[in-house]
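Q: My questions all concern the structure below.
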Amino acid sequence: MTNPYIPNLTVIRKITTENEAKDIKTFELTFKDSEAMKNFKYRCGQFAEISVFGAGECPIGIASSPMDKDAIQFTVKRVGVVTTALHNSEEGTVMGVRGPYGNGFPMERLEGRNVVIVGGGFAFTTLRSLANFILHKANREKFKDLTVIYGARNPGELIYKYDLEAWKKRDDINLNVTIDSAVPGWKGLVGFVPAVLKDVAPSSDNAIAVVCGPPIMYKFTMPVISELGFSPENVLLSFEMRMKCGIGKCGRCNIGEKFVCKDGPVFTYKEFQRMPKEY
């Protein structure tokens, strides 16, 4: 039995600055041991623990698609000691990764159905993983219509601009990118994600909605989702912000009787409705 606390060694192959504030970066990692890379089998929506030696470790959602076979990506916002140390790292730096952890999105439930992806701000990371997985040429025929609604405070805070540009050129995705308030030069949608979702009004017929964003976005998005006719069991939520040790031992990720690291981070809205109201 392998020790779950010992990370695999990886090397930073590429660093991409995602936003104008330069506090969100995507780190592309390759495993030093090729067998470790083969054994790191994950699904969209899962996360891993990233170790910055000398600084500590933190849980981060996996931003790449499982279809990307030679590397994994993590998009990290600089908010504390570990993430700051990671942001100060350079390409070629050795770091640790253990995982993957959590349940991820139930891809078998999404196949053969319309998929509506709703994301806000930095929380778009694992949703990007899901979108790229669905859009991959080996997978696209397994899924029906794909609608993506993604919002940020302003254009400078939109991440994965290179993916957004590529998606715009495709005819098999309904992409809706919005910012909170109008700014000079912006030609896209303007408005908060819930309002844009209401305007786009994706059909709930044979569809599953996948939502990830800050808590305030959940508060105002879920009533719209319900108005559109999505049943609670056909809405998937990701509570990435609650991830902690990864294996349910530290007891800091729980919401009522649920451990986000093990039972989540993906829950149906129906499961969420049974959780403590104070969350």
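Ordering of the structure tokens sets the chain letters (A, B, ...); residue numbers start at 1 within each chain; ligands are numbered from 1 in the order shown.
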Report as a tab-separated table the residues of segment 15-112 of chain A within 12 Å of segment 139-146 of chain A, each with its shortest atom pair and distance in Å (one decimal), using only C-alpha atoms, ordered by chain and increasing residue number.
A:
residue	atom	partner	partner_atom	distance
A:Ser65	CA	A:Asn139	CA	11.6
A:Pro66	CA	A:Asn139	CA	11.3
A:Met67	CA	A:Asn139	CA	9.4
A:Met107	CA	A:Phe143	CA	9.8
A:Glu108	CA	A:Lys142	CA	9.8
A:Arg109	CA	A:Phe143	CA	10.2
A:Leu110	CA	A:Phe143	CA	7.0
A:Glu111	CA	A:Phe143	CA	5.0
A:Gly112	CA	A:Phe143	CA	4.8
Q: In segment 7-253 of chain A, what's strand (DSSP E or B) per DSSP? Answer as a ChimeraX atom specification?
A: /A:8-17,24-31,47-52,56-62,72-77,94-101,114-120,146-152,174-179,189-190,207-212,235-238
Q: Could you write out the selected residues, including C-alpha atoms, as a PDB file, in the first residue's frame?
A:
ATOM      1  CA  ASN A   8       5.140  12.447  -6.439  1.00  0.00           C
ATOM      2  CA  LEU A   9       7.929  14.676  -7.695  1.00  0.00           C
ATOM      3  CA  THR A  10       7.024  16.928 -10.600  1.00  0.00           C
ATOM      4  CA  VAL A  11       8.734  19.698 -12.554  1.00  0.00           C
ATOM      5  CA  ILE A  12       7.178  22.998 -13.614  1.00  0.00           C
ATOM      6  CA  ARG A  13       7.317  22.888 -17.419  1.00  0.00           C
ATOM      7  CA  LYS A  14       5.414  26.058 -18.179  1.00  0.00           C
ATOM      8  CA  ILE A  15       3.933  29.028 -16.302  1.00  0.00           C
ATOM      9  CA  THR A  16       1.144  31.151 -17.798  1.00  0.00           C
ATOM     10  CA  THR A  17      -0.009  34.400 -16.214  1.00  0.00           C
ATOM     11  CA  ILE A  24      -3.521  34.054 -11.072  1.00  0.00           C
ATOM     12  CA  LYS A  25      -1.120  31.720 -12.862  1.00  0.00           C
ATOM     13  CA  THR A  26      -1.436  28.331 -14.517  1.00  0.00           C
ATOM     14  CA  PHE A  27       1.350  25.860 -13.764  1.00  0.00           C
ATOM     15  CA  GLU A  28       1.920  22.983 -16.168  1.00  0.00           C
ATOM     16  CA  LEU A  29       3.653  20.080 -14.441  1.00  0.00           C
ATOM     17  CA  THR A  30       5.324  16.934 -15.692  1.00  0.00           C
ATOM     18  CA  PHE A  31       6.101  13.969 -13.455  1.00  0.00           C
ATOM     19  CA  PHE A  47      -8.213  18.037  -7.073  1.00  0.00           C
ATOM     20  CA  ALA A  48      -4.708  17.339  -5.805  1.00  0.00           C
ATOM     21  CA  GLU A  49      -2.389  18.527  -3.063  1.00  0.00           C
ATOM     22  CA  ILE A  50       0.488  20.652  -4.344  1.00  0.00           C
ATOM     23  CA  SER A  51       3.692  20.772  -2.265  1.00  0.00           C
ATOM     24  CA  VAL A  52       6.084  23.699  -2.466  1.00  0.00           C
ATOM     25  CA  GLY A  56       3.955  23.698   2.650  1.00  0.00           C
ATOM     26  CA  GLU A  57       1.122  22.248   0.602  1.00  0.00           C
ATOM     27  CA  CYS A  58      -2.379  23.248  -0.466  1.00  0.00           C
ATOM     28  CA  PRO A  59      -5.329  21.669  -2.312  1.00  0.00           C
ATOM     29  CA  ILE A  60      -5.898  22.882  -5.873  1.00  0.00           C
ATOM     30  CA  GLY A  61      -8.451  21.776  -8.457  1.00  0.00           C
ATOM     31  CA  ILE A  62      -7.036  20.161 -11.594  1.00  0.00           C
ATOM     32  CA  ILE A  72      -1.268  18.255 -15.649  1.00  0.00           C
ATOM     33  CA  GLN A  73      -2.229  21.856 -15.016  1.00  0.00           C
ATOM     34  CA  PHE A  74      -3.192  23.783 -11.896  1.00  0.00           C
ATOM     35  CA  THR A  75      -4.422  27.360 -11.951  1.00  0.00           C
ATOM     36  CA  VAL A  76      -3.498  29.068  -8.695  1.00  0.00           C
ATOM     37  CA  LYS A  77      -4.465  32.414  -7.190  1.00  0.00           C
ATOM     38  CA  VAL A  94      10.730  20.663  -8.598  1.00  0.00           C
ATOM     39  CA  MET A  95       7.587  20.355  -6.522  1.00  0.00           C
ATOM     40  CA  GLY A  96       5.301  17.648  -5.156  1.00  0.00           C
ATOM     41  CA  VAL A  97       1.834  16.460  -6.146  1.00  0.00           C
ATOM     42  CA  ARG A  98      -0.306  13.885  -4.362  1.00  0.00           C
ATOM     43  CA  GLY A  99      -3.707  12.718  -5.392  1.00  0.00           C
ATOM     44  CA  PRO A 100      -6.006  12.840  -7.221  1.00  0.00           C
ATOM     45  CA  TYR A 101      -8.700  13.282  -4.589  1.00  0.00           C
ATOM     46  CA  ASN A 114     -27.077  18.550 -22.881  1.00  0.00           C
ATOM     47  CA  VAL A 115     -24.540  20.112 -20.528  1.00  0.00           C
ATOM     48  CA  VAL A 116     -24.829  23.640 -19.130  1.00  0.00           C
ATOM     49  CA  ILE A 117     -21.658  24.945 -17.467  1.00  0.00           C
ATOM     50  CA  VAL A 118     -22.012  28.010 -15.228  1.00  0.00           C
ATOM     51  CA  GLY A 119     -18.923  29.542 -13.654  1.00  0.00           C
ATOM     52  CA  GLY A 120     -17.789  32.733 -12.012  1.00  0.00           C
ATOM     53  CA  LEU A 146     -22.769  22.357 -24.632  1.00  0.00           C
ATOM     54  CA  THR A 147     -23.604  25.774 -23.181  1.00  0.00           C
ATOM     55  CA  VAL A 148     -21.005  27.719 -21.198  1.00  0.00           C
ATOM     56  CA  ILE A 149     -21.790  30.839 -19.162  1.00  0.00           C
ATOM     57  CA  TYR A 150     -18.695  32.379 -17.597  1.00  0.00           C
ATOM     58  CA  GLY A 151     -18.359  35.703 -15.824  1.00  0.00           C
ATOM     59  CA  ALA A 152     -15.682  37.839 -14.212  1.00  0.00           C
ATOM     60  CA  ASN A 174     -22.750  28.073 -27.065  1.00  0.00           C
ATOM     61  CA  LEU A 175     -20.287  30.372 -25.291  1.00  0.00           C
ATOM     62  CA  ASN A 176     -21.483  33.321 -23.203  1.00  0.00           C
ATOM     63  CA  VAL A 177     -18.781  35.424 -21.535  1.00  0.00           C
ATOM     64  CA  THR A 178     -19.841  38.332 -19.346  1.00  0.00           C
ATOM     65  CA  ILE A 179     -18.341  40.992 -17.070  1.00  0.00           C
ATOM     66  CA  LEU A 189     -22.091  40.581 -22.513  1.00  0.00           C
ATOM     67  CA  VAL A 190     -22.476  42.763 -19.424  1.00  0.00           C
ATOM     68  CA  ALA A 207     -29.816  18.479 -19.471  1.00  0.00           C
ATOM     69  CA  ILE A 208     -27.503  18.701 -16.489  1.00  0.00           C
ATOM     70  CA  ALA A 209     -26.219  21.993 -15.095  1.00  0.00           C
ATOM     71  CA  VAL A 210     -22.732  22.175 -13.588  1.00  0.00           C
ATOM     72  CA  VAL A 211     -22.105  25.203 -11.378  1.00  0.00           C
ATOM     73  CA  CYS A 212     -18.951  26.459  -9.656  1.00  0.00           C
ATOM     74  CA  VAL A 235     -27.630  20.208 -10.877  1.00  0.00           C
ATOM     75  CA  LEU A 236     -24.020  19.584  -9.876  1.00  0.00           C
ATOM     76  CA  LEU A 237     -22.192  21.949  -7.522  1.00  0.00           C
ATOM     77  CA  SER A 238     -18.494  22.001  -6.704  1.00  0.00           C
TER      78      SER A 238
END
Q: Could you tell me how far atom CA of Arg78 of chain A sits from atom CA of Ala166 of chain A, in Å to one decimal place?
A: 26.6 Å
Q: Taking only C-alpha atoms into account, which of A:Met222, A:Ile173, A:Ala123, A:Ile134 comes nearest Phe239 of chain A?
A: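 Ranking A:Met222, A:Ile173, A:Ala123, A:Ile134 by distance to Phe239 of chain A, first place goes to A:Ala123.
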Q: Which value, in Å to one decimal, gives the distance between atom CA of Leu158 of chain A and atom CA of Asn19 of chain A?
A: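 So the answer is 6.5 Å.
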Q: With distances taken over only C-alpha atoms, which residue among A:Leu127, A:Val260, A:Leu86, A:Val183 lies nearest Arg43 of chain A?
A: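 For Arg43 of chain A, the nearest of the candidates is A:Leu127.
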Q: One number please: atom CA of Phe267 of chain A to atom CA of Ala36 of chain A, in Å, one decimal.
A: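 One can read the atom CA of Phe267 of chain A to atom CA of Ala36 of chain A distance as 28.6 Å.
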Q: Using only C-alpha atoms, determine which residues lie at most 10 Å from Ala201 of chain A, disregarding the query and same-chain residues fewer than 2 positions distant; provide the list as a list in words.
A: Ala195, Val196, Leu197, Lys198, Asp199, Ser203, Ser204, Val224, Ile225, Glu227 and Leu228 of chain A
Q: Write out the residues from the selection above, keeping N, CA and C atoms, as a CSV table (one decimal), in the first residue's frame.
A:
chain,number,residue,atom,x,y,z
A,195,ALA,N,-28.0,36.8,-14.0
A,195,ALA,CA,-28.8,37.6,-14.9
A,195,ALA,C,-28.6,37.1,-16.3
A,196,VAL,N,-27.4,36.8,-16.7
A,196,VAL,CA,-27.0,36.3,-18.0
A,196,VAL,C,-27.6,34.9,-18.2
A,197,LEU,N,-27.5,34.1,-17.2
A,197,LEU,CA,-28.1,32.8,-17.2
A,197,LEU,C,-29.6,32.8,-17.5
A,198,LYS,N,-30.3,33.8,-16.9
A,198,LYS,CA,-31.7,33.9,-17.1
A,198,LYS,C,-32.0,34.4,-18.5
A,199,ASP,N,-31.2,35.2,-19.1
A,199,ASP,CA,-31.4,35.7,-20.4
A,199,ASP,C,-31.1,34.6,-21.5
A,203,SER,N,-32.3,25.3,-22.1
A,203,SER,CA,-33.3,24.3,-21.8
A,203,SER,C,-32.9,23.3,-20.8
A,204,SER,N,-33.8,22.9,-19.9
A,204,SER,CA,-33.5,21.9,-18.9
A,204,SER,C,-33.8,20.5,-19.4
A,224,VAL,N,-32.4,30.8,-10.2
A,224,VAL,CA,-32.5,30.9,-11.6
A,224,VAL,C,-32.5,29.5,-12.2
A,225,ILE,N,-31.6,28.7,-11.8
A,225,ILE,CA,-31.5,27.3,-12.2
A,225,ILE,C,-32.8,26.6,-12.0
A,227,GLU,N,-35.8,28.0,-11.6
A,227,GLU,CA,-36.8,28.6,-12.5
A,227,GLU,C,-36.7,28.0,-13.9
A,228,LEU,N,-35.5,27.7,-14.4
A,228,LEU,CA,-35.4,27.1,-15.7
A,228,LEU,C,-35.8,25.7,-15.8
Q: Where does DSSP see alpha helix (DSSP H) in segment 180-274 of chain A, if you list the residues as a count of residues only?
A: 30
